[in-house]
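For reference, my_file20.tsv is printed below; it contains TSV, C-alpha atoms and all ligand atoms.
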chain	number	residue	atom	x	y	z
S	208	VAL	CA	-5.61	17.85	85.30
S	209	GLY	CA	-8.60	20.00	85.51
S	210	VAL	CA	-8.20	23.45	84.16
S	211	ALA	CA	-10.49	26.30	84.73
S	212	PHE	CA	-10.08	29.14	82.40
S	213	ARG	CA	-11.62	32.50	82.13
S	214	ALA	CA	-11.95	33.39	78.51
S	215	ASP	CA	-11.29	36.84	77.35
S	216	THR	CA	-14.09	38.83	75.88
S	217	ARG	CA	-12.29	38.96	72.57
S	218	PHE	CA	-12.30	35.21	72.23
S	219	PRO	CA	-15.09	33.62	70.24
S	220	SER	CA	-18.19	33.11	72.26
S	221	ARG	CA	-17.84	29.36	72.19
S	222	ILE	CA	-15.20	29.45	74.92
S	223	ARG	CA	-16.50	32.40	76.82
S	224	THR	CA	-17.17	30.29	79.87
S	225	THR	CA	-15.20	28.53	82.48
S	226	TYR	CA	-14.73	24.81	82.13
S	227	PRO	CA	-14.72	22.97	85.41
S	228	MET	CA	-14.18	19.30	84.65
S	229	ALA	CA	-13.10	16.05	86.07
S	230	PRO	CA	-9.77	14.44	85.29
S	231	GLY	CA	-9.84	12.35	82.22
S	232	THR	CA	-12.68	14.21	80.65
S	233	MET	CA	-10.70	16.49	78.46
S	234	THR	CA	-12.68	17.83	75.59
S	235	GLN	CA	-11.24	19.29	72.49
S	236	ASN	CA	-11.80	22.73	73.84
S	237	SER	CA	-10.29	21.93	77.18
S	238	LEU	CA	-7.31	20.47	75.41
S	239	ARG	CA	-6.89	23.72	73.58
S	240	LEU	CA	-7.31	25.64	76.72
S	241	ALA	CA	-4.86	23.49	78.57
S	242	THR	CA	-2.42	24.03	75.78
S	243	LEU	CA	-3.09	27.68	75.89
S	244	ALA	CA	-2.58	27.79	79.59
S	245	ALA	CA	0.69	25.92	79.22
S	246	LEU	CA	1.86	28.27	76.52
S	247	PHE	CA	0.76	31.12	78.64
S	248	SER	CA	2.87	29.80	81.42
S	249	LEU	CA	5.84	29.13	79.19
S	250	ALA	CA	5.60	32.56	77.76
S	251	GLY	CA	6.81	33.63	81.11
S	252	CYS	CA	4.36	36.23	81.98
S	253	THR	CA	6.49	37.12	84.86
S	254	GLY	CA	5.52	40.68	84.68
S	255	ASP	CA	2.00	39.73	85.23
S	256	THR	CA	0.88	40.84	88.58
S	257	VAL	CA	-1.92	38.39	88.65
S	258	GLY	CA	-0.42	35.21	89.85
S	259	THR	CA	-3.52	33.18	89.48
S	260	ALA	CA	-3.53	33.73	85.76
S	261	THR	CA	-0.62	31.41	85.33
S	262	GLU	CA	-1.75	28.85	87.83
S	263	THR	CA	-2.81	25.98	85.66
S	264	THR	CA	-4.44	24.32	88.57
S	265	GLY	CA	-6.29	27.31	89.64
S	266	SER	CA	-8.96	29.49	88.41
S	267	GLU	CA	-9.13	33.09	87.72
S	268	THR	CA	-11.39	35.84	88.64
S	269	ASP	CA	-13.67	37.02	85.96
S	270	THR	CA	-13.44	40.70	85.26
S	271	SER	CA	-17.16	40.92	85.68
S	272	SER	CA	-16.78	39.73	89.24
S	273	SER	CA	-16.70	43.14	90.81
S	274	THR	CA	-16.95	41.71	94.26
S	275	GLY	CA	-13.43	40.56	93.88
S	276	SER	CA	-13.69	36.89	94.64
S	277	GLN	CA	-14.96	33.81	92.93
S	278	THR	CA	-14.93	30.19	93.79
S	279	THR	CA	-14.46	27.59	91.16
S	280	THR	CA	-14.83	23.96	91.97
S	281	THR	CA	-13.67	21.11	89.82
S	282	ALA	CA	-16.44	18.85	88.70
S	283	GLY	CA	-14.88	15.62	89.87
S	284	THR	CA	-15.92	14.95	93.42
S	285	SER	CA	-13.15	12.41	93.86
S	286	THR	CA	-10.59	15.09	93.57
S	287	THR	CA	-11.03	17.57	96.29
S	288	ALA	CA	-8.80	19.95	94.51
S	289	ALA	CA	-11.34	22.63	94.63
S	290	THR	CA	-9.41	25.79	94.42
S	291	THR	CA	-10.33	29.17	95.44
S	292	SER	CA	-8.78	32.26	94.19
S	293	THR	CA	-9.30	35.69	95.32
S	294	GLY	CA	-9.68	38.32	92.75
S	295	THR	CA	-7.45	41.24	92.59
S	296	THR	CA	-8.27	44.75	91.80
S	297	GLY	CA	-9.94	45.74	88.63
S	298	THR	CA	-6.79	47.32	87.38
S	299	THR	CA	-4.73	44.19	87.51
S	300	ASP	CA	-7.58	42.21	86.06
S	301	GLU	CA	-7.45	44.49	83.06
S	302	THR	CA	-3.79	43.71	82.75
S	303	THR	CA	-4.51	40.03	82.85
S	304	SER	CA	-7.09	40.36	80.18
S	305	THR	CA	-4.71	42.05	77.81
S	306	SER	CA	-1.96	39.60	78.59
S	307	SER	CA	-3.99	36.51	77.83
S	308	THR	CA	-5.27	38.00	74.59
S	309	THR	CA	-1.94	38.83	73.13
S	310	SER	CA	-0.81	35.31	73.77
S	311	GLY	CA	-3.35	34.24	71.10
S	312	GLY	CA	-4.85	30.82	70.89
S	313	PRO	CA	-5.57	28.01	68.53
S	314	VAL	CA	-9.15	28.78	67.67
S	315	CYS	CA	-11.19	28.56	64.53
S	316	GLY	CA	-11.23	32.02	63.08
S	317	ASP	CA	-7.71	33.09	63.92
S	318	GLY	CA	-6.55	32.56	60.34
S	319	MET	CA	-4.18	29.74	61.20
S	320	VAL	CA	-4.88	26.08	60.59
S	321	ASP	CA	-4.62	24.49	63.99
S	322	ALA	CA	-4.97	20.96	65.18
S	323	GLY	CA	-8.49	19.73	64.53
S	324	GLU	CA	-9.04	22.28	61.78
S	325	GLU	CA	-9.08	21.57	58.08
S	326	CYS	CA	-8.82	25.19	57.14
S	327	ASP	CA	-9.03	28.62	58.67
S	328	ASN	CA	-9.53	31.72	56.59
S	329	GLY	CA	-10.04	33.95	59.54
S	330	ALA	CA	-12.89	36.37	59.09
S	331	ASP	CA	-13.74	34.76	55.74
S	332	ASN	CA	-14.86	31.54	57.38
S	333	ALA	CA	-18.54	31.13	56.62
S	334	ASP	CA	-21.07	28.39	56.04
S	335	ASP	CA	-21.49	29.47	52.41
S	336	ALA	CA	-17.74	29.75	51.77
S	337	GLY	CA	-14.92	27.34	51.05
S	338	CYS	CA	-13.94	27.15	54.71
S	339	THR	CA	-16.91	26.83	56.99
S	340	SER	CA	-17.48	28.61	60.24
S	341	GLU	CA	-16.41	25.35	61.89
S	342	CYS	CA	-13.07	25.40	60.02
S	343	LYS	CA	-14.01	22.47	57.81
S	344	ASN	CA	-13.36	22.38	54.07
S	345	ALA	CA	-16.69	22.92	52.32
S	346	SER	CA	-17.89	19.78	50.64
S	347	CYS	CA	-20.90	18.38	48.84
S	348	GLY	CA	-22.84	16.57	51.52
S	349	ASP	CA	-22.16	18.84	54.47
S	350	ASN	CA	-25.67	20.26	54.23
S	351	LEU	CA	-24.23	23.72	53.59
S	352	VAL	CA	-24.47	25.44	50.21
S	353	TRP	CA	-21.08	26.66	49.09
S	354	GLU	CA	-22.06	29.78	47.25
S	355	GLY	CA	-20.79	29.95	43.70
S	356	THR	CA	-19.70	26.34	43.70
S	357	GLU	CA	-22.77	24.37	44.76
S	358	VAL	CA	-26.33	24.92	43.66
S	359	CYS	CA	-27.76	22.97	46.55
S	360	ASP	CA	-26.77	20.62	49.34
S	361	ASP	CA	-29.38	18.87	51.44
S	362	GLY	CA	-26.94	16.60	53.17
S	363	VAL	CA	-28.29	13.56	51.34
S	364	ASN	CA	-28.02	14.56	47.70
S	365	ASP	CA	-29.50	11.43	46.22
S	366	GLY	CA	-31.24	13.25	43.39
S	367	ALA	CA	-34.67	12.26	44.72
S	368	TYR	CA	-37.81	14.34	44.29
S	369	ASN	CA	-37.40	17.74	45.91
S	370	GLY	CA	-33.80	16.82	46.67
S	371	CYS	CA	-30.36	17.82	45.43
S	372	ALA	CA	-28.30	16.02	42.78
S	373	ALA	CA	-25.42	13.79	43.87
S	374	ASP	CA	-22.76	16.32	42.91
S	375	CYS	CA	-24.58	19.32	44.36
S	376	SER	CA	-24.56	20.91	40.91
S	377	ALA	CA	-28.33	21.03	40.44
S	378	TRP	CA	-31.64	20.41	42.08
S	379	GLY	CA	-33.28	17.09	41.48
S	380	PRO	CA	-36.81	16.88	40.12
S	381	ARG	CA	-39.12	19.11	42.09
S	382	CYS	CA	-42.14	21.37	42.06
S	383	GLY	CA	-41.04	24.39	40.07
S	384	ASP	CA	-38.79	22.71	37.51
S	385	GLY	CA	-41.41	23.06	34.79
S	386	GLU	CA	-41.77	19.31	34.34
S	387	VAL	CA	-44.51	17.18	35.80
S	388	GLN	CA	-43.28	14.29	37.93
S	389	ILE	CA	-46.50	12.30	37.78
S	390	ASP	CA	-45.82	10.42	40.99
S	391	PHE	CA	-45.85	13.66	42.91
S	392	GLU	CA	-47.42	16.39	40.81
S	393	ALA	CA	-50.54	17.09	38.83
S	394	CYS	CA	-48.99	20.10	37.14
S	395	ASP	CA	-45.91	22.27	37.19
S	396	SER	CA	-46.30	25.66	35.61
S	397	THR	CA	-45.54	29.27	36.30
S	398	ASP	CA	-48.36	30.40	34.00
S	399	PRO	CA	-50.66	32.15	36.47
S	400	PHE	CA	-53.77	31.17	34.51
S	401	SER	CA	-52.89	27.50	34.28
S	402	GLY	CA	-54.61	26.85	37.57
S	403	CYS	CA	-51.48	25.17	38.87
S	404	LYS	CA	-50.93	26.01	42.51
S	405	SER	CA	-47.64	26.53	44.27
S	406	ASP	CA	-47.70	22.91	45.45
S	407	CYS	CA	-47.99	21.63	41.87
S	408	GLN	CA	-51.59	20.53	42.34
S	409	VAL	CA	-54.42	21.86	40.18
S	410	ALA	CA	-56.82	24.25	41.88
S	411	SER	CA	-60.29	22.91	42.57
S	412	SER	CA	-61.94	26.31	42.32
S	413	CYS	CA	-61.22	29.99	41.87
S	414	LEU	CA	-61.32	30.37	45.65
S	415	ASP	CA	-58.73	27.62	45.97
S	416	LEU	CA	-56.55	29.54	43.54
S	417	LYS	CA	-57.09	32.84	45.29
S	418	ASN	CA	-56.19	31.30	48.61
S	419	ASP	CA	-53.00	29.94	47.08
S	420	ASN	CA	-52.10	33.21	45.40
S	421	GLY	CA	-53.60	36.35	46.82
S	422	ALA	CA	-52.24	38.36	43.88
S	423	ALA	CA	-54.24	36.35	41.33
S	424	VAL	CA	-56.28	38.60	39.02
S	425	SER	CA	-59.61	38.01	37.32
S	426	GLY	CA	-59.60	35.99	34.12
S	427	VAL	CA	-60.04	32.59	32.56
S	428	TYR	CA	-58.37	29.82	34.54
S	429	THR	CA	-58.14	26.06	34.24
S	430	ILE	CA	-59.37	24.24	37.32
S	431	GLN	CA	-60.27	20.72	38.35
S	432	PRO	CA	-63.23	20.64	40.73
S	433	ALA	CA	-62.92	18.00	43.42
S	434	GLY	CA	-63.83	14.58	42.08
S	435	LEU	CA	-63.71	15.63	38.44
S	436	ASN	CA	-61.26	13.69	36.27
S	437	GLU	CA	-60.73	16.41	33.74
S	438	LEU	CA	-59.68	20.00	33.57
S	439	VAL	CA	-62.19	22.71	32.80
S	440	ASP	CA	-61.88	26.38	31.91
S	441	VAL	CA	-63.80	28.82	34.06
S	442	TYR	CA	-63.91	32.53	34.62
S	443	CYS	CA	-62.61	33.64	38.02
S	444	ASP	CA	-63.63	36.89	39.65
S	445	MET	CA	-60.62	37.55	41.85
S	446	GLU	CA	-61.74	40.95	43.16
S	447	THR	CA	-65.37	40.95	44.27
S	448	ASP	CA	-65.82	40.24	47.98
S	449	GLY	CA	-62.12	39.43	48.24
S	450	GLY	CA	-62.13	37.28	45.12
S	451	GLY	CA	-62.68	33.60	44.48
S	452	TYR	CA	-66.00	33.40	42.64
S	453	THR	CA	-66.10	30.70	39.97
S	454	PHE	CA	-68.20	30.95	36.79
S	455	LEU	CA	-68.75	28.38	34.09
S	456	LYS	CA	-71.02	29.17	31.17
S	457	ALA	CA	-73.49	26.52	30.11
S	458	SER	CA	-75.24	26.94	26.79
S	459	VAL	CA	-77.42	23.99	25.86
S	460	ALA	CA	-79.72	23.10	22.96
S	461	SER	CA	-83.08	23.73	24.60
S	462	ASP	CA	-84.58	25.33	27.68
S	463	GLN	CA	-83.94	23.55	30.96
S	464	THR	CA	-85.44	23.86	34.42
S	465	ALA	CA	-83.31	24.65	37.46
S	466	SER	CA	-83.37	20.98	38.34
S	467	GLN	CA	-82.10	20.00	34.91
S	468	ALA	CA	-79.48	22.72	34.99
S	469	GLU	CA	-78.30	21.56	38.40
S	470	THR	CA	-77.92	18.06	37.03
S	471	PHE	CA	-75.94	19.35	34.04
S	472	CYS	CA	-73.56	21.33	36.28
S	473	GLN	CA	-73.09	18.41	38.65
S	474	ASN	CA	-72.74	15.59	36.18
S	475	ASN	CA	-70.36	17.34	33.86
S	476	PHE	CA	-68.30	19.53	36.17
S	477	ASN	CA	-69.03	18.62	39.78
S	478	MET	CA	-70.43	22.12	40.07
S	479	HIS	CA	-73.83	23.66	40.86
S	480	LEU	CA	-76.28	26.05	39.31
S	481	LEU	CA	-75.24	29.53	40.37
S	482	THR	CA	-76.52	31.04	43.60
S	483	PRO	CA	-75.62	34.74	43.66
S	484	ARG	CA	-74.54	35.55	47.22
S	485	THR	CA	-74.13	39.31	47.44
S	486	ALA	CA	-74.89	42.45	45.47
S	487	GLY	CA	-71.31	42.38	44.23
S	488	HIS	CA	-71.56	38.75	43.23
S	489	MET	CA	-74.82	39.42	41.39
S	490	MET	CA	-73.23	42.28	39.47
S	491	SER	CA	-70.16	40.17	38.78
S	492	ALA	CA	-72.38	37.41	37.42
S	493	PHE	CA	-74.10	39.93	35.17
S	494	THR	CA	-70.76	41.12	33.79
S	495	VAL	CA	-69.55	37.57	33.17
S	496	ALA	CA	-72.85	36.63	31.51
S	497	THR	CA	-72.90	39.58	29.16
S	498	THR	CA	-69.20	39.62	28.27
S	499	GLU	CA	-67.31	37.29	25.97
S	500	ASN	CA	-64.81	35.49	28.18
S	501	VAL	CA	-64.79	31.76	28.87
S	502	ALA	CA	-66.16	29.53	26.11
S	503	PRO	CA	-69.58	28.07	26.99
S	504	LYS	CA	-70.08	24.33	27.53
S	505	GLY	CA	-73.01	22.24	26.43
S	506	GLY	CA	-72.97	22.61	22.67
S	507	GLY	CA	-74.92	25.85	22.54
S	508	ASN	CA	-73.67	28.97	20.81
S	509	VAL	CA	-74.61	31.74	23.19
S	510	ILE	CA	-71.39	33.61	23.88
S	511	ALA	CA	-72.63	36.54	25.95
S	512	SER	CA	-76.18	37.23	27.04
S	513	VAL	CA	-78.39	38.21	29.95
S	514	ASP	CA	-80.04	34.86	29.34
S	515	TYR	CA	-77.26	33.29	31.43
S	516	LEU	CA	-79.07	34.72	34.44
S	517	GLY	CA	-82.52	33.48	33.41
S	518	ILE	CA	-82.52	30.87	36.14
S	519	LEU	CA	-80.68	30.78	39.46
S	520	ALA	CA	-80.35	28.30	42.31
S	521	ILE	CA	-82.72	30.09	44.69
S	522	TYR	CA	-85.63	28.09	46.02
S	523	PRO	CA	-88.49	28.45	48.51
S	524	VAL	CA	-87.74	27.11	51.97
S	525	MET	CA	-91.38	26.01	52.26
S	526	PRO	CA	-92.98	25.57	48.84
S	527	GLY	CA	-96.16	27.58	48.65
S	528	THR	CA	-94.94	30.37	50.90
S	529	SER	CA	-93.05	33.48	49.86
S	530	CYS	CA	-92.37	37.16	50.52
S	531	PRO	CA	-94.32	39.12	47.88
S	532	ASP	CA	-93.31	42.77	47.43
S	533	MET	CA	-90.14	42.36	49.44
S	534	PRO	CA	-86.64	42.90	48.06
S	535	PHE	CA	-85.36	39.54	46.90
S	536	ASN	CA	-82.42	38.67	49.10
S	537	SER	CA	-81.80	36.54	52.19
S	538	THR	CA	-82.21	39.41	54.61
S	539	ASP	CA	-85.51	40.73	53.31
S	540	CYS	CA	-86.92	37.44	52.13
S	541	PRO	CA	-85.92	34.55	54.39
S	542	GLU	CA	-88.70	32.49	52.85
S	543	TRP	CA	-86.20	31.68	50.10
S	544	GLN	CA	-82.69	30.25	50.22
S	545	GLY	CA	-79.71	29.35	48.07
S	546	GLY	CA	-79.38	25.95	46.46
S	547	ASP	CA	-77.16	24.80	49.33
S	548	GLY	CA	-79.37	26.41	51.97
S	549	GLY	CA	-77.05	29.39	52.14
S	550	VAL	CA	-77.59	33.08	51.54
S	551	PHE	CA	-78.60	34.61	48.22
S	552	TYR	CA	-78.92	38.07	46.74
S	553	VAL	CA	-80.76	39.24	43.64
S	554	SER	CA	-82.02	42.73	44.36
S	555	ASP	CA	-82.64	45.32	47.03
S	556	MET	CA	-85.81	46.55	45.30
S	557	GLY	CA	-89.23	45.05	45.93
S	558	MET	CA	-91.52	44.02	43.10
S	559	ALA	CA	-95.29	44.10	43.30
S	560	GLY	CA	-96.70	40.67	43.92
S	561	GLU	CA	-93.39	38.88	43.47
S	562	PRO	CA	-91.97	36.52	44.35
S	563	SER	CA	-95.41	35.01	44.68
S	564	ASN	CA	-96.37	31.89	46.54
S	565	LYS	CA	-96.92	30.16	43.22
S	566	ASN	CA	-93.67	28.32	43.61
S	567	CYS	CA	-92.52	24.75	44.00
S	568	ALA	CA	-89.64	22.80	45.50
S	569	GLY	CA	-86.55	22.99	43.31
S	570	CYS	CA	-88.22	25.46	40.96
S	571	SER	CA	-86.38	28.63	40.01
S	572	LEU	CA	-88.02	31.94	39.29
S	573	ILE	CA	-87.61	33.16	35.75
S	574	TYR	CA	-85.49	36.33	35.75
S	575	ASP	CA	-85.63	39.03	33.12
S	576	TRP	CA	-82.73	41.47	32.98
S	577	ASN	CA	-82.18	44.77	31.26
S	578	MET	CA	-79.06	45.26	29.21
S	579	ASP	CA	-77.69	47.71	31.75
S	580	GLY	CA	-77.64	45.06	34.44
S	581	THR	CA	-80.79	46.14	36.19
S	582	LEU	CA	-83.55	43.68	36.84
S	583	ASN	CA	-86.62	44.08	34.64
S	584	GLY	CA	-88.54	41.57	36.69
S	585	TYR	CA	-88.86	38.03	37.96
S	586	GLN	CA	-91.76	35.71	38.22
S	587	ALA	CA	-92.44	32.66	40.30
S	588	THR	CA	-94.10	29.79	38.53
S	589	ASN	CA	-94.93	26.29	39.56
S	590	LEU	CA	-95.62	25.19	36.03
S	591	LYS	CA	-93.31	22.66	34.35
S	592	GLY	CA	-90.71	22.87	37.08
S	593	GLY	CA	-90.49	26.63	37.27
S	594	GLY	CA	-88.45	29.01	35.14
S	595	LYS	CA	-86.43	27.65	32.22
S	596	SER	CA	-83.42	28.79	30.26
S	597	ALA	CA	-81.06	27.33	27.67
S	598	SER	CA	-78.24	29.39	29.14
S	599	TYR	CA	-77.13	29.52	32.75
S	600	LEU	CA	-74.06	29.69	34.94
S	601	CYS	CA	-72.49	26.90	36.96
S	602	ASP	CA	-70.47	27.64	40.11
S	603	VAL	CA	-68.36	25.57	42.48
S	604	GLY	CA	-70.24	27.29	45.26
S	605	ASP	CA	-67.40	27.29	47.80
S	606	LYS	CA	-67.18	31.06	48.03
S	607	VAL	CA	-69.70	32.01	50.69
S	608	PRO	CA	-69.71	35.44	52.35
S	701	CA	CA	-7.36	28.36	63.62
S	702	CA	CA	-21.88	21.79	50.70
S	703	CA	CA	-41.90	19.26	38.73

Can I see the file as structure tokens?
Ligand SMILES: [Ca+2]
Ligand SMILES: [Ca+2]
Ligand SMILES: [Ca+2]
Amino acid sequence: VGVAFRADTRFPSRIRTTYPMAPGTMTQNSLRLATLAALFSLAGCTGDTVGTATETTGSETDTSSSTGSQTTTTAGTSTTAATTSTGTTGTTDETTSTSSTTSGGPVCGDGMVDAGEECDNGADNADDAGCTSECKNASCGDNLVWEGTEVCDDGVNDGAYNGCAADCSAWGPRCGDGEVQIDFEACDSTDPFSGCKSDCQVASSCLDLKNDNGAAVSGVYTIQPAGLNELVDVYCDMETDGGGYTFLKASVASDQTASQAETFCQNNFNMHLLTPRTAGHMMSAFTVATTENVAPKGGGNVIASVDYLGILAIYPVMPGTSCPDMPFNSTDCPEWQGGDGGVFYVSDMGMAGEPSNKNCAGCSLIYDWNMDGTLNGYQATNLKGGGKSASYLCDVGDKVP
């Protein structure tokens, strides 16, 4: 028997529709509704002025149907029992509404355990409580976390990586448990300077770290440049130009050319000789060079010195040409470029006769700095591979303005 029912507004939303249906297709809800309708009828709502409300074969006008009539057709085409009811006045509809509500109904949330329900705590039903919003007893495996009783519940609970333990009492191994599961993680640490990112992989550069954690502050970090099989300590400037500049100090036994320095940075750390990119980066490099921070590599003993800026990865685009007298940066001197072909910045002040055209491919100028961070001078030379220094800075080079 098909039953169409107009739910009251105070019923849960799940039945706030009419249910036209074919015979033999009773759903759980329709069964409840049929039962409700039967009870409604048995309750003898004789005083009800709305006859259609008790007609189990009929339908009822929705109170929202202000036009006063509504046609409801059963879904089954074989039964032509389409019924039509004509709405009554709004006043009697209101009466009907009240009548059907007070008759109650077996629904989840009414505080009574009805057929098909395992529990019903009324308003206390919740997906994080002992009785769920579907009136099921909370259990480990239902993919709902029973607050105060379960720590987790992923529905599988096989204790696998990033999963929940079988008894829902604890998380399984995962990123954030402080232990390294080597099949999945390279690190697992909450130490902000460990270089361990939020995905339990080691950062490849200071920029990589900054991108992972925008709140990261400047300091010495452990990173693992791409392709390098070991960890290395570097100084990260996490403020200048948005942060993410990487510095590694190289202090070696004897003076090296830019080419030799580049080889040292690459072979040992998969890094490059520093190319300062902006005025801020240049000043940052000066501060790092002249301050004791990260321990230098290469066996030398220079801890802090302007000598770290004696050579830089800035080379002539066309050896033999230059921009004498012009401020030495990409904008004013496009005859020179960074080691990767990108922009560079050393100064916004020109210097008489420099950088001269006495330069050569892969040869750095030799830079002389004052202790206050100002540039005393630089000189191009094509002798013995250009400028040389036993101290210099390596950089990952991925931070480009
Ligand atoms: Ca119930
Ligand atoms: Ca659960
Ligand atoms: Ca872990």

Name the residues in contact with Ala372 (chain S) at a cut-off of 12 Å, using only C-alpha atoms, excluding same-chain residues fewer than 2 positions from it; report them as a ChimeraX atom specification. /S:347-348,357-370,374-381

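Near ligand CA 703 (chain S), the residues found within 10 Å are Tyr368, Asn369, Gly379, Pro380, Arg381, Cys382, Gly383, Asp384, Gly385, Glu386, Val387, Gln388, Ile389, Asp390, Phe391, Glu392, Ala393, Cys394, Asp395, Ser396, Asp406 and Cys407 of chain S (criterion computed using only C-alpha atoms and all ligand atoms).
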
Calculated over only C-alpha atoms and all ligand atoms, which of the candidates S:Asp331, S:Cys342, S:Phe454, S:Tyr599 has the smallest distance to ligand CA 701 (chain S)? S:Cys342

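Around ligand CA 701 (chain S), using only C-alpha atoms and all ligand atoms and a cut-off of 6 Å, the residues in contact are Pro313, Val314, Cys315, Gly316, Asp317, Gly318, Met319, Val320, Asp321 and Asp327 of chain S.
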
Using only C-alpha atoms and all ligand atoms, determine which residues fall within 6 Å of ligand CA 702 (chain S), then list them as a list in words. Ala345, Ser346, Cys347, Gly348, Asp349, Asn350, Leu351, Val352, Trp353 and Asp360 of chain S

Within 12 Å of Asp462 (chain S) using only C-alpha atoms, minus same-chain residues under 4 positions, as a list in words: Ala457, Ser458, Ser466, Gln467, Ala468, Gly507, Asp514, Tyr515, Gly517, Ile518, Ile573, Lys591, Gly592, Gly593, Gly594, Lys595, Ser596, Ala597, Ser598 and Tyr599 of chain S

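CA of Asn477 (chain S) is positioned 24.5 Å from CA of Tyr574 (chain S).
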
Given the point (-78.5, 44.2, 42.2) in the file's coordinates, find the residues that have an atom at most 8 Å from it, counting only C-alpha atoms, and give them as a count of residues only. 11

Residues near region 558-566 of chain S, cut-off 6 Å, all atoms listed in the file, skip fewer than 3 positions along chain, as an MDAnalysis selection string: chainID S and resid 526:529 531:532 587:589
